[in-house]
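The file my_file-v6.pdb comes next; it holds PDB, C-alpha atoms, pLDDT in the B column.
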ATOM      1  CA  MET A   1     -70.291  32.415 125.729  1.00 51.00           C
ATOM      2  CA  LEU A   2     -72.852  35.198 126.010  1.00 51.00           C
ATOM      3  CA  GLY A   3     -74.852  33.680 123.177  1.00 56.00           C
ATOM      4  CA  VAL A   4     -75.107  30.418 125.080  1.00 52.00           C
ATOM      5  CA  LEU A   5     -76.111  32.148 128.309  1.00 57.00           C
ATOM      6  CA  ARG A   6     -78.736  34.265 126.564  1.00 61.00           C
ATOM      7  CA  ALA A   7     -80.217  31.445 124.506  1.00 63.00           C
ATOM      8  CA  PRO A   8     -83.712  30.352 125.502  1.00 67.00           C
ATOM      9  CA  ARG A   9     -83.784  27.278 127.691  1.00 65.00           C
ATOM     10  CA  HIS A  10     -85.326  24.106 126.328  1.00 62.00           C
ATOM     11  CA  GLU A  11     -85.943  20.707 127.788  1.00 62.00           C
ATOM     12  CA  PRO A  12     -82.912  18.465 127.238  1.00 60.00           C
ATOM     13  CA  THR A  13     -83.185  16.052 124.331  1.00 63.00           C
ATOM     14  CA  ASP A  14     -81.761  12.557 124.130  1.00 63.00           C
ATOM     15  CA  ALA A  15     -78.873  13.983 122.074  1.00 60.00           C
ATOM     16  CA  ALA A  16     -78.131  16.559 124.775  1.00 67.00           C
ATOM     17  CA  LEU A  17     -78.003  13.822 127.402  1.00 77.00           C
ATOM     18  CA  SER A  18     -75.812  11.421 125.422  1.00 83.00           C
ATOM     19  CA  PRO A  19     -72.032  11.449 125.892  1.00 90.00           C
ATOM     20  CA  PRO A  20     -69.967  13.595 123.517  1.00 94.00           C
ATOM     21  CA  PRO A  21     -68.914  11.744 120.356  1.00 96.00           C
ATOM     22  CA  THR A  22     -65.536  10.028 120.060  1.00 96.00           C
ATOM     23  CA  LEU A  23     -63.700   8.300 117.218  1.00 96.00           C
ATOM     24  CA  GLY A  24     -66.111   5.383 117.596  1.00 95.00           C
ATOM     25  CA  ASP A  25     -68.782   7.728 116.198  1.00 97.00           C
ATOM     26  CA  LEU A  26     -66.671   8.911 113.274  1.00 97.00           C
ATOM     27  CA  ASP A  27     -68.218   6.739 110.559  1.00 97.00           C
ATOM     28  CA  ARG A  28     -71.643   8.227 111.316  1.00 97.00           C
ATOM     29  CA  LEU A  29     -70.172  11.735 110.930  1.00 98.00           C
ATOM     30  CA  LEU A  30     -68.537  10.776 107.636  1.00 98.00           C
ATOM     31  CA  ASP A  31     -71.825   9.317 106.390  1.00 97.00           C
ATOM     32  CA  GLN A  32     -73.571  12.603 107.234  1.00 96.00           C
ATOM     33  CA  SER A  33     -71.016  14.480 105.120  1.00 96.00           C
ATOM     34  CA  ARG A  34     -71.489  12.008 102.287  1.00 96.00           C
ATOM     35  CA  ALA A  35     -75.257  12.569 102.468  1.00 95.00           C
ATOM     36  CA  LEU A  36     -74.527  16.277 101.890  1.00 92.00           C
ATOM     37  CA  GLY A  37     -72.682  15.362  98.681  1.00 92.00           C
ATOM     38  CA  ILE A  38     -69.075  15.404  99.895  1.00 93.00           C
ATOM     39  CA  ASP A  39     -66.978  12.505  98.595  1.00 95.00           C
ATOM     40  CA  VAL A  40     -65.193  11.527 101.831  1.00 98.00           C
ATOM     41  CA  THR A  41     -62.627   8.753 102.146  1.00 98.00           C
ATOM     42  CA  ARG A  42     -61.194   7.504 105.432  1.00 98.00           C
ATOM     43  CA  ARG A  43     -57.789   5.932 105.944  1.00 98.00           C
ATOM     44  CA  ASP A  44     -56.430   4.622 109.233  1.00 98.00           C
ATOM     45  CA  GLU A  45     -52.730   3.952 109.770  1.00 98.00           C
ATOM     46  CA  GLY A  46     -51.119   2.213 112.711  1.00 97.00           C
ATOM     47  CA  GLU A  47     -52.668   0.020 115.345  1.00 94.00           C
ATOM     48  CA  PRO A  48     -55.853   1.455 116.911  1.00 93.00           C
ATOM     49  CA  ARG A  49     -55.820   1.232 120.695  1.00 91.00           C
ATOM     50  CA  PRO A  50     -57.790   2.582 123.627  1.00 89.00           C
ATOM     51  CA  MET A  51     -57.056   6.223 124.400  1.00 95.00           C
ATOM     52  CA  GLU A  52     -58.335   8.767 126.888  1.00 96.00           C
ATOM     53  CA  GLU A  53     -61.771  10.024 125.922  1.00 96.00           C
ATOM     54  CA  THR A  54     -60.507  13.615 125.841  1.00 97.00           C
ATOM     55  CA  VAL A  55     -58.054  12.658 123.089  1.00 98.00           C
ATOM     56  CA  GLU A  56     -60.747  10.869 121.085  1.00 97.00           C
ATOM     57  CA  ARG A  57     -63.287  13.669 121.543  1.00 97.00           C
ATOM     58  CA  THR A  58     -60.739  16.251 120.454  1.00 97.00           C
ATOM     59  CA  ALA A  59     -59.798  14.248 117.353  1.00 98.00           C
ATOM     60  CA  TYR A  60     -63.483  13.857 116.493  1.00 98.00           C
ATOM     61  CA  ARG A  61     -64.072  17.609 116.883  1.00 97.00           C
ATOM     62  CA  VAL A  62     -61.095  18.428 114.639  1.00 98.00           C
ATOM     63  CA  ILE A  63     -62.535  16.231 111.898  1.00 98.00           C
ATOM     64  CA  GLN A  64     -66.049  17.579 112.454  1.00 97.00           C
ATOM     65  CA  GLU A  65     -64.939  21.207 112.161  1.00 96.00           C
ATOM     66  CA  ALA A  66     -62.811  20.500 109.097  1.00 97.00           C
ATOM     67  CA  LEU A  67     -65.738  18.771 107.356  1.00 96.00           C
ATOM     68  CA  THR A  68     -68.015  21.675 108.267  1.00 94.00           C
ATOM     69  CA  ASN A  69     -65.509  24.027 106.649  1.00 94.00           C
ATOM     70  CA  VAL A  70     -65.365  21.871 103.524  1.00 95.00           C
ATOM     71  CA  HIS A  71     -69.140  22.091 103.267  1.00 93.00           C
ATOM     72  CA  LYS A  72     -69.130  25.856 103.856  1.00 91.00           C
ATOM     73  CA  HIS A  73     -66.216  26.798 101.626  1.00 90.00           C
ATOM     74  CA  ALA A  74     -65.543  24.004  99.132  1.00 92.00           C
ATOM     75  CA  GLY A  75     -68.943  22.476  98.403  1.00 88.00           C
ATOM     76  CA  ASP A  76     -68.644  18.870  97.351  1.00 88.00           C
ATOM     77  CA  ALA A  77     -64.846  18.828  96.936  1.00 93.00           C
ATOM     78  CA  GLY A  78     -63.311  15.401  97.466  1.00 96.00           C
ATOM     79  CA  THR A  79     -62.018  15.059 101.014  1.00 98.00           C
ATOM     80  CA  ASP A  80     -59.598  12.620 102.653  1.00 98.00           C
ATOM     81  CA  VAL A  81     -59.616  11.892 106.380  1.00 98.00           C
ATOM     82  CA  LEU A  82     -56.482  10.277 107.805  1.00 98.00           C
ATOM     83  CA  ILE A  83     -56.174   8.893 111.323  1.00 98.00           C
ATOM     84  CA  ARG A  84     -52.629   7.876 112.228  1.00 98.00           C
ATOM     85  CA  TYR A  85     -52.073   5.990 115.487  1.00 98.00           C
ATOM     86  CA  GLY A  86     -48.525   6.629 116.638  1.00 96.00           C
ATOM     87  CA  GLU A  87     -46.666   5.236 119.609  1.00 94.00           C
ATOM     88  CA  ASP A  88     -47.319   8.277 121.798  1.00 96.00           C
ATOM     89  CA  GLU A  89     -49.572  10.470 119.671  1.00 97.00           C
ATOM     90  CA  LEU A  90     -52.635  10.517 117.485  1.00 98.00           C
ATOM     91  CA  ARG A  91     -52.556  12.462 114.249  1.00 98.00           C
ATOM     92  CA  VAL A  92     -55.610  13.434 112.273  1.00 98.00           C
ATOM     93  CA  GLU A  93     -55.639  15.133 108.893  1.00 98.00           C
ATOM     94  CA  VAL A  94     -58.520  16.351 106.799  1.00 98.00           C
ATOM     95  CA  ARG A  95     -57.467  17.391 103.313  1.00 98.00           C
ATOM     96  CA  ASN A  96     -59.907  18.550 100.683  1.00 97.00           C
ATOM     97  CA  ALA A  97     -59.326  19.104  97.009  1.00 96.00           C
ATOM     98  CA  ALA A  98     -60.100  22.385  95.337  1.00 94.00           C
ATOM     99  CA  PRO A  99     -63.814  22.951  94.801  1.00 89.00           C
ATOM    100  CA  PRO A 100     -64.892  21.780  91.339  1.00 81.00           C
ATOM    101  CA  ALA A 101     -66.287  25.277  90.671  1.00 73.00           C
ATOM    102  CA  PRO A 102     -66.167  28.555  92.561  1.00 64.00           C
ATOM    103  CA  HIS A 103     -68.217  27.948  95.677  1.00 55.00           C
ATOM    104  CA  ALA A 104     -70.271  30.767  97.142  1.00 54.00           C
ATOM    105  CA  GLY A 105     -70.677  28.904 100.417  1.00 52.00           C
ATOM    106  CA  GLU A 106     -73.836  28.099 102.273  1.00 51.00           C
ATOM    107  CA  ALA A 107     -75.197  30.003 105.204  1.00 47.00           C
ATOM    108  CA  VAL A 108     -74.017  27.545 107.849  1.00 50.00           C
ATOM    109  CA  PRO A 109     -74.396  28.987 111.355  1.00 54.00           C
ATOM    110  CA  GLY A 110     -71.262  29.743 113.310  1.00 55.00           C
ATOM    111  CA  ALA A 111     -69.288  32.573 114.793  1.00 53.00           C
ATOM    112  CA  GLY A 112     -66.162  32.029 112.702  1.00 58.00           C
ATOM    113  CA  TRP A 113     -64.107  30.837 115.672  1.00 69.00           C
ATOM    114  CA  GLY A 114     -64.025  27.135 114.783  1.00 84.00           C
ATOM    115  CA  LEU A 115     -60.344  26.682 113.954  1.00 89.00           C
ATOM    116  CA  VAL A 116     -59.238  29.081 116.690  1.00 92.00           C
ATOM    117  CA  GLY A 117     -61.252  27.148 119.265  1.00 91.00           C
ATOM    118  CA  LEU A 118     -59.912  23.855 117.963  1.00 94.00           C
ATOM    119  CA  ARG A 119     -56.339  25.077 118.185  1.00 95.00           C
ATOM    120  CA  GLU A 120     -56.908  26.017 121.818  1.00 96.00           C
ATOM    121  CA  ARG A 121     -58.569  22.669 122.557  1.00 95.00           C
ATOM    122  CA  VAL A 122     -55.684  20.712 120.990  1.00 97.00           C
ATOM    123  CA  GLU A 123     -53.062  22.855 122.739  1.00 97.00           C
ATOM    124  CA  LEU A 124     -54.711  22.201 126.119  1.00 97.00           C
ATOM    125  CA  LEU A 125     -53.793  18.542 125.578  1.00 98.00           C
ATOM    126  CA  GLY A 126     -50.201  19.452 124.648  1.00 98.00           C
ATOM    127  CA  GLY A 127     -50.753  19.051 120.915  1.00 98.00           C
ATOM    128  CA  THR A 128     -50.621  21.232 117.836  1.00 98.00           C
ATOM    129  CA  LEU A 129     -53.121  22.127 115.140  1.00 98.00           C
ATOM    130  CA  ARG A 130     -52.295  23.671 111.822  1.00 97.00           C
ATOM    131  CA  SER A 131     -54.422  24.649 108.889  1.00 96.00           C
ATOM    132  CA  SER A 132     -53.293  25.874 105.515  1.00 96.00           C
ATOM    133  CA  ALA A 133     -54.272  26.368 101.916  1.00 94.00           C
ATOM    134  CA  GLN A 134     -52.691  23.774  99.629  1.00 94.00           C
ATOM    135  CA  ASP A 135     -51.224  24.062  96.158  1.00 92.00           C
ATOM    136  CA  GLY A 136     -53.979  23.598  93.633  1.00 90.00           C
ATOM    137  CA  GLY A 137     -56.707  25.199  95.763  1.00 92.00           C
ATOM    138  CA  GLY A 138     -57.326  22.597  98.452  1.00 95.00           C
ATOM    139  CA  PHE A 139     -57.096  22.974 102.210  1.00 97.00           C
ATOM    140  CA  LEU A 140     -55.522  20.965 105.047  1.00 97.00           C
ATOM    141  CA  VAL A 141     -56.382  20.743 108.730  1.00 98.00           C
ATOM    142  CA  SER A 142     -53.868  18.663 110.684  1.00 98.00           C
ATOM    143  CA  ALA A 143     -53.681  17.908 114.401  1.00 98.00           C
ATOM    144  CA  ARG A 144     -51.110  16.108 116.529  1.00 98.00           C
ATOM    145  CA  ILE A 145     -52.490  15.048 119.911  1.00 98.00           C
ATOM    146  CA  PRO A 146     -50.285  13.352 122.519  1.00 98.00           C
ATOM    147  CA  THR A 147     -51.797  10.145 123.866  1.00 96.00           C
TER     148      THR A 147
END

Conversion result in C-alpha cells:
Amino acid sequence: MLGVLRAPRHEPTDAALSPPPTLGDLDRLLDQSRALGIDVTRRDEGEPRPMEETVERTAYRVIQEALTNVHKHAGDAGTDVLIRYGEDELRVEVRNAAPPAPHAGEAVPGAGWGLVGLRERVELLGGTLRSSAQDGGGFLVSARIPT
C-alpha cells in the first residue's frame, strides 16, 4: 500500500481508465503468455452463463497470477487452464508441468504476496483458493468461487 501511495503520479492512460478485465478478456491474457513462450491450453466445462463481475474479475486475476508464477518459476512449462461452470460456483485451475530444465526465474517485479492476496480476494467472496506442488515437479493453483 505504501508503495502505491509513494509512487510518482502520472496522467491516467487508456488502460488505467478501462474497466478491470473479466473472463471475456481471458483469451487475450492467454495469448500474451503464449507470446512469452508458454504452451497454454484452455478447457471450459459446463454451460457458461452471466455472473457478477466481481466473480469474473476474481477468476481472471487467479489465472493471471498463476500464469505470472509459471513464467517466473517454470519458464515455458506446458500449462493447462480449466474453467468449470458449476450450478452455484465457478472453479478455475491452472496446472503447469515441471519445467523442462531447471529454471532460474526471471526478474519479474512483485512483492511476493500474489497468492496470499488472491486467497484473501477469493475468501472475501466466500470461496477457497489452494496452491500446491504436484508430483513430477508441476504446480497447481485452484479456486472455487461461489456464484

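Distances here use all atoms listed in the file; by that measure, the residue among A:Val94, A:Leu118, A:Leu17, A:Val55 closest to Val141 of chain A is A:Val94.
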
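Considering the residues A:Glu45, A:Asp31, A:Glu93, A:Asp76 and counting only C-alpha atoms, Arg61 of chain A has its shortest atom-to-atom contact with A:Glu93.
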
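Those residues returned by the PyMOL selection byres ((chain A and resi 143) around 6) for this file are A:Arg91, A:Val92, A:Thr128, A:Leu129, A:Ser142, A:Arg144.
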
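Selection result for the displayed file, with the PyMOL selection byres ((chain A and resi 23) around 6) as criterion, is Thr22, Gly24, Asp25, Leu26, Glu56 and Tyr60 of chain A.
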
Taking the file as I've supplied it (selection: the PyMOL selection byres ((chain A and resi 68) around 12)), which residues are included? Please answer as a PyMOL selection string. chain A and resi 29-30+32-34+36+38+61-67+69-76+79+94+96+105-110+112+114-115+141

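For the pair atom CA of Ala35 of chain A and atom CA of Gly78 of chain A, the separation is 13.3 Å.
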